[in-house]
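Trainee: Supplied in structure tokens, the structure appears directly below.
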Amino acid sequence: MSTENLPQSPEQQPRRPRVAVVFGGRSSEHGISVVTAGAVLRAIDRARYDVLPIGITADGRWALTADEPDRMAITDRRTPSVDELAESAEGGVVLSVDPGSREVVYSEPGAVPKALGDVDVVFPVLHGPYGEDGTLQGLLELSGVPYVGSGVLSSAVGQDKEYMKRVFVSFGLPVGPYEVIRPREWAQDPAAARKRIVDFAGDHGWPLFVKPARGGSSMGITKVDDLSGLDEAIAEAQRHDPKVLVESLLSGREIECGVLEFEDGPRASVPAEIPPVTSHDFYDFEAKYIDAATGLVPAPLTPEQTAEVQRLAVAAFEAASCEGLVRADFFLTEDGSFVINEINTMPGFTPISMYPRMWQESGVGYGELVDRLIQAALRRSTGLR
């Protein structure tokens, strides 16, 4: 009698890959990261993967959290936190830094540490510093654990808007005018920094946008109409990052395009357009996440414009040596040319975020998108990414 169609015992059945979804973190984007994680946890196919949710508190503690996506949503205009989801106020999770072991251990004060088993891949959905900027990626490289998204260098470049622009320029991609105020300069000679920004405004005009050089979700950004608002805007930006970026206003349409890694290389989604937000000065944090301003998907562009922005999005992905996913943001200026503003190596990833919406319109639904990213990470080995 053939045993081919007999059911396998639990010992014979192949183990499902185990995905650790890591979220929260020490940046000002902590709450949005929790919201993103809730969407990813809801979408992961539990028949194909085992899931381990790990939250990082605002003070940096790694915590075992409840696997309850419904609690990880914006409620009454308030974002959730890891502390609200942690199973213990003191317990901590430790990932082995031995590349020969992918074991996760949970410990509480006064108790024997408990092994939670091995992790096959990490899905980091942290935004901003200490998560999206290469720091977590470096830890995962040391641990020998595959992970979703770009490696150490690409993540750092994608987080630092100054060096991102420098990389783009070196690859011939068009960027807008900008200046950088470094923390030492502002501390030692603020008058010189002010003069440089006034000269910059003289060349390019007011208003200017003052923002953290290494931040996201439009936090810490101020639109400055004249010199009188500059110091306050710099102080606000420095609440998020000591290094400050100052950009000129680019008149034109805001266009976004998603890039996703397929087996044969990166491909671009249909683009989207962010229409002017009449209730806000610009497309800020409140407009994006609290009021949930929606973009147009697909963007009303000509076939030639669509092809060009898709080409530039993939070129930006390749210029920064990215992996997995990127959202590339552009301005379509009044003369008909595209200028790249920035890339996000871990863009907003809730089902209503622009990146998943662009791929939904391109034929890749949210669940498939999550699965493709996990599979791309599992295909790659760690080391010198």
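Ligands are numbered from 1 in the order shown, chains are lettered A, B, ... in the order of the structure tokens, and residues start at 1 in each chain.
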Give me, as number ranges by chain, all polymer residues having an atom no more than 7 Å from Val339 (chain A), counting only C-alpha atoms and skipping those fewer than 4 positions away in the same chain.

Mentor: A: 174-176, 330-332

Trainee: Keeping C-alpha atoms, export the residues of the selection given above as a compact mmCIF listing (two decimals), in the first residue's frame.

Mentor:
```txt
# COMPACT_ATOMS: atom_id res chain seq x y z
CA PRO A 174 17.43 65.49 -10.64
CA VAL A 175 17.03 66.95 -7.13
CA GLY A 176 15.75 70.31 -5.90
CA PHE A 330 8.71 63.34 -6.85
CA PHE A 331 7.60 66.78 -7.93
CA LEU A 332 6.32 67.19 -11.48
```

Trainee: Would you please give, as JSON, numbers by chain, all residues of region 209-372 of chain A that DSSP assigns to strand (DSSP E) based on the backbone?

Mentor: {"A": [209, 210, 211, 212, 222, 223, 224, 244, 245, 246, 247, 248, 252, 253, 254, 255, 256, 257, 258, 259, 260, 261, 262, 265, 266, 267, 268, 272, 273, 274, 325, 326, 327, 328, 329, 330, 331, 332, 333, 338, 339, 340, 341, 342, 343, 344]}

Trainee: Listing only residues of region 4-66 of chain A within 12 Å of region 342-354 of chain A, what is the closest atom pair and its distance in Å (to one decimal) for each, using only C-alpha atoms, sorted by chain and residue number ascending, as JSON lines?

Mentor:
```
{"residue": "A:Phe23", "atom": "CA", "partner": "A:Met346", "partner_atom": "CA", "distance": 11.6}
{"residue": "A:Glu29", "atom": "CA", "partner": "A:Gly348", "partner_atom": "CA", "distance": 10.5}
{"residue": "A:Gly31", "atom": "CA", "partner": "A:Gly348", "partner_atom": "CA", "distance": 11.8}
{"residue": "A:Ile32", "atom": "CA", "partner": "A:Gly348", "partner_atom": "CA", "distance": 8.0}
{"residue": "A:Ser33", "atom": "CA", "partner": "A:Gly348", "partner_atom": "CA", "distance": 8.3}
{"residue": "A:Val34", "atom": "CA", "partner": "A:Thr350", "partner_atom": "CA", "distance": 10.1}
{"residue": "A:Val35", "atom": "CA", "partner": "A:Thr350", "partner_atom": "CA", "distance": 7.1}
{"residue": "A:Thr36", "atom": "CA", "partner": "A:Thr350", "partner_atom": "CA", "distance": 5.1}
{"residue": "A:Ala37", "atom": "CA", "partner": "A:Thr350", "partner_atom": "CA", "distance": 8.2}
{"residue": "A:Gly38", "atom": "CA", "partner": "A:Thr350", "partner_atom": "CA", "distance": 8.2}
{"residue": "A:Ala39", "atom": "CA", "partner": "A:Thr350", "partner_atom": "CA", "distance": 5.5}
{"residue": "A:Val40", "atom": "CA", "partner": "A:Thr350", "partner_atom": "CA", "distance": 7.6}
{"residue": "A:Leu41", "atom": "CA", "partner": "A:Thr350", "partner_atom": "CA", "distance": 10.7}
{"residue": "A:Arg42", "atom": "CA", "partner": "A:Thr350", "partner_atom": "CA", "distance": 10.4}
{"residue": "A:Ala43", "atom": "CA", "partner": "A:Pro351", "partner_atom": "CA", "distance": 9.6}
```

Trainee: One number please: CA of Phe171 (chain A) to CA of Tyr355 (chain A), in Å, one decimal.

Mentor: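 Computing it gives 24.2 Å between the two atoms.
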
Trainee: Using the chain letters and numbers from this document, which residues of region 178-322 of chain A does DSSP assign to helix (DSSP H, G or I), as JSON, numbers by chain?

Mentor: {"A": [183, 184, 185, 186, 187, 188, 190, 191, 192, 193, 194, 195, 196, 197, 198, 199, 200, 201, 202, 203, 204, 227, 228, 229, 230, 231, 232, 233, 234, 235, 236, 237, 238, 285, 286, 287, 288, 289, 290, 303, 304, 305, 306, 307, 308, 309, 310, 311, 312, 313, 314, 315, 316, 317, 318, 319]}

Trainee: I'd like to know which of A:Asp76, A:Asp83, A:Asp45, A:Glu162 is closest to Val246 (chain A), using only C-alpha atoms.

Mentor: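 Going through A:Asp76, A:Asp83, A:Asp45, A:Glu162 one by one, the smallest distance to Val246 (chain A) is for A:Glu162.
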
Trainee: For Gly367 (chain A), please output as a list in words all residues within 7 Å (counting only C-alpha atoms; exclusion window: fewer than 3 positions along the same chain).

Mentor: Ala43, Ile44, Val370 and Asp371 of chain A

Trainee: Those residues with C-alpha atoms, as an mmCIF file, in the first residue's frame please?

Mentor:
```
data_model
loop_
_atom_site.group_PDB
_atom_site.id
_atom_site.type_symbol
_atom_site.label_atom_id
_atom_site.label_comp_id
_atom_site.auth_asym_id
_atom_site.auth_seq_id
_atom_site.Cartn_x
_atom_site.Cartn_y
_atom_site.Cartn_z
ATOM 1 C CA ALA A 43 -2.261 40.278 6.535
ATOM 2 C CA ILE A 44 0.342 37.553 7.127
ATOM 3 C CA VAL A 370 3.475 41.167 2.433
ATOM 4 C CA ASP A 371 4.149 37.635 1.205
#
```

Trainee: List the spatial neighbours of region 293-307 of chain A as a PyMOL selection string - criterion: any atom at most 10 Å away, only C-alpha atoms, same-chain residues fewer than 5 positions off excluded.

Mentor: chain A and resi 254-257+268-277+279+283-284+286-288+312-313+332+336-338+352-354+357-362

Trainee: How about saving the chosen residues, C-alpha atoms kept, as a JSON list (two decimals), in the first residue's frame?

Mentor:
```json
[["chain", "number", "residue", "atom", "x", "y", "z"],
["A", 254, "GLU", "CA", 3.40, 65.75, -5.91],
["A", 255, "ILE", "CA", 3.81, 62.33, -7.50],
["A", 256, "GLU", "CA", 4.72, 59.06, -5.77],
["A", 257, "CYS", "CA", 5.76, 55.70, -7.17],
["A", 268, "ALA", "CA", 7.66, 50.12, -10.45],
["A", 269, "SER", "CA", 3.98, 50.42, -9.61],
["A", 270, "VAL", "CA", 1.50, 52.75, -11.20],
["A", 271, "PRO", "CA", 2.19, 56.23, -9.77],
["A", 272, "ALA", "CA", -0.07, 58.20, -7.46],
["A", 273, "GLU", "CA", -0.67, 61.91, -6.99],
["A", 274, "ILE", "CA", -1.05, 63.78, -3.71],
["A", 275, "PRO", "CA", -3.46, 66.63, -4.47],
["A", 276, "PRO", "CA", -3.17, 69.92, -2.58],
["A", 277, "VAL", "CA", -4.45, 69.58, 0.99],
["A", 279, "SER", "CA", -7.14, 72.05, 5.27],
["A", 283, "TYR", "CA", 1.00, 67.37, 3.38],
["A", 284, "ASP", "CA", 2.01, 67.09, 7.05],
["A", 286, "GLU", "CA", -1.93, 65.35, 10.60],
["A", 287, "ALA", "CA", -3.00, 65.33, 6.96],
["A", 288, "LYS", "CA", -1.35, 61.96, 6.29],
["A", 312, "LEU", "CA", 13.28, 57.33, -12.26],
["A", 313, "ALA", "CA", 11.81, 55.42, -9.29],
["A", 332, "LEU", "CA", 6.32, 67.19, -11.48],
["A", 336, "GLY", "CA", 7.07, 69.18, -17.25],
["A", 337, "SER", "CA", 10.16, 67.60, -15.66],
["A", 338, "PHE", "CA", 10.35, 65.32, -12.64],
["A", 352, "ILE", "CA", -4.73, 52.95, 3.16],
["A", 353, "SER", "CA", -1.10, 54.08, 2.78],
["A", 354, "MET", "CA", 0.01, 55.16, -0.66],
["A", 357, "ARG", "CA", -2.59, 51.37, -2.68],
["A", 358, "MET", "CA", -0.29, 51.87, -5.66],
["A", 359, "TRP", "CA", 0.53, 48.16, -5.74],
["A", 360, "GLN", "CA", -3.13, 47.22, -5.30],
["A", 361, "GLU", "CA", -3.85, 49.24, -8.42],
["A", 362, "SER", "CA", -0.92, 47.48, -10.10]]
```

Trainee: Within 12 Å of region 373-381 of chain A, which residues of region 22-133 of chain A come that close, and what is the closest atom pair and distance in Å for each? Count only C-alpha atoms and give it as a tab-separated table.

Mentor:
```
residue	atom	partner	partner_atom	distance
A:Val40	CA	A:Ile374	CA	11.0
A:Ala43	CA	A:Ile374	CA	11.9
A:Ile44	CA	A:Ile374	CA	9.4
A:Asp45	CA	A:Ile374	CA	10.9
A:Arg48	CA	A:Ile374	CA	11.0
A:Tyr49	CA	A:Ile374	CA	9.7
A:Val51	CA	A:Ile374	CA	11.8
A:Pro99	CA	A:Ser381	CA	11.5
A:Val119	CA	A:Leu378	CA	11.3
A:Asp120	CA	A:Leu378	CA	7.6
A:Val121	CA	A:Leu378	CA	6.6
A:Val122	CA	A:Ile374	CA	8.4
A:Phe123	CA	A:Ile374	CA	7.3
A:Pro124	CA	A:Ile374	CA	10.7
A:Val125	CA	A:Leu373	CA	11.8
```

Trainee: Could you write out that same residue set with N, CA and C atoms as a CSV table (one decimal), in the first residue's frame?

Mentor:
```csv
chain,number,residue,atom,x,y,z
A,40,VAL,N,0.3,44.6,9.1
A,40,VAL,CA,1.1,43.5,8.6
A,40,VAL,C,0.7,42.2,9.3
A,43,ALA,N,-2.4,40.8,7.9
A,43,ALA,CA,-2.3,40.3,6.5
A,43,ALA,C,-1.4,39.0,6.4
A,44,ILE,N,-0.5,38.7,7.3
A,44,ILE,CA,0.3,37.6,7.1
A,44,ILE,C,-0.5,36.3,7.1
A,45,ASP,N,-0.2,35.4,6.2
A,45,ASP,CA,-1.0,34.2,6.0
A,45,ASP,C,-0.5,33.2,7.1
A,48,ARG,N,0.8,29.7,6.3
A,48,ARG,CA,2.1,29.6,5.7
A,48,ARG,C,3.2,30.0,6.6
A,49,TYR,N,2.9,30.8,7.6
A,49,TYR,CA,4.0,31.4,8.5
A,49,TYR,C,3.5,31.3,9.9
A,51,VAL,N,4.1,33.4,13.4
A,51,VAL,CA,4.4,34.8,13.6
A,51,VAL,C,4.7,35.1,15.1
A,99,PRO,N,25.6,34.1,14.8
A,99,PRO,CA,25.0,33.8,13.5
A,99,PRO,C,24.7,32.3,13.4
A,119,VAL,N,13.9,32.2,14.8
A,119,VAL,CA,13.3,33.0,13.9
A,119,VAL,C,13.9,32.9,12.5
A,120,ASP,N,13.1,32.7,11.5
A,120,ASP,CA,13.7,32.6,10.1
A,120,ASP,C,13.9,33.9,9.4
A,121,VAL,N,13.0,34.9,9.7
A,121,VAL,CA,13.1,36.1,9.0
A,121,VAL,C,12.5,37.2,9.9
A,122,VAL,N,13.0,38.4,9.9
A,122,VAL,CA,12.5,39.5,10.6
A,122,VAL,C,11.8,40.5,9.6
A,123,PHE,N,10.6,40.9,10.0
A,123,PHE,CA,9.9,41.9,9.2
A,123,PHE,C,9.9,43.2,10.0
A,124,PRO,N,10.9,44.1,9.8
A,124,PRO,CA,11.0,45.3,10.6
A,124,PRO,C,10.1,46.4,10.0
A,125,VAL,N,9.1,46.8,10.8
A,125,VAL,CA,8.3,47.9,10.3
A,125,VAL,C,8.5,49.1,11.2
```

Trainee: Calculate how many Å separate CA of Arg18 (chain A) from CA of Pro80 (chain A), rounding to one decimal.

Mentor: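 Result for CA of Arg18 (chain A) versus CA of Pro80 (chain A): 25.0 Å, one decimal.
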
Trainee: One decimal, in Å: what's the spacing between CA of Ser155 (chain A) and CA of Asp98 (chain A)?

Mentor: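 That distance, rounded to one decimal, is 22.7 Å.
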
Trainee: Show which residues sit within 7 Å of Leu52 (chain A), as number ranges by chain. Count only C-alpha atoms, and ignore same-chain residues fewer than 5 positions away.

Mentor: A: 19-21

Trainee: Write to file, as a compact mmCIF listing (two decimals), in the first residue's frame, the residues of the selection just made, with C-alpha atoms.

Mentor:
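part12.txt, freshly written:
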```txt
# COMPACT_ATOMS: atom_id res chain seq x y z
CA VAL A 19 8.40 35.65 10.98
CA ALA A 20 9.23 38.11 13.75
CA VAL A 21 7.37 41.38 13.14
```

Trainee: For region 219-225 of chain A, find every residue with an atom within 10 Å (counting only C-alpha atoms), except residues of its own chain fewer than 4 positions away, and show them as a ChimeraX atom specification.

Mentor: /A:28-29,201,205-213,215,229-241,244-249,281-282,284-286
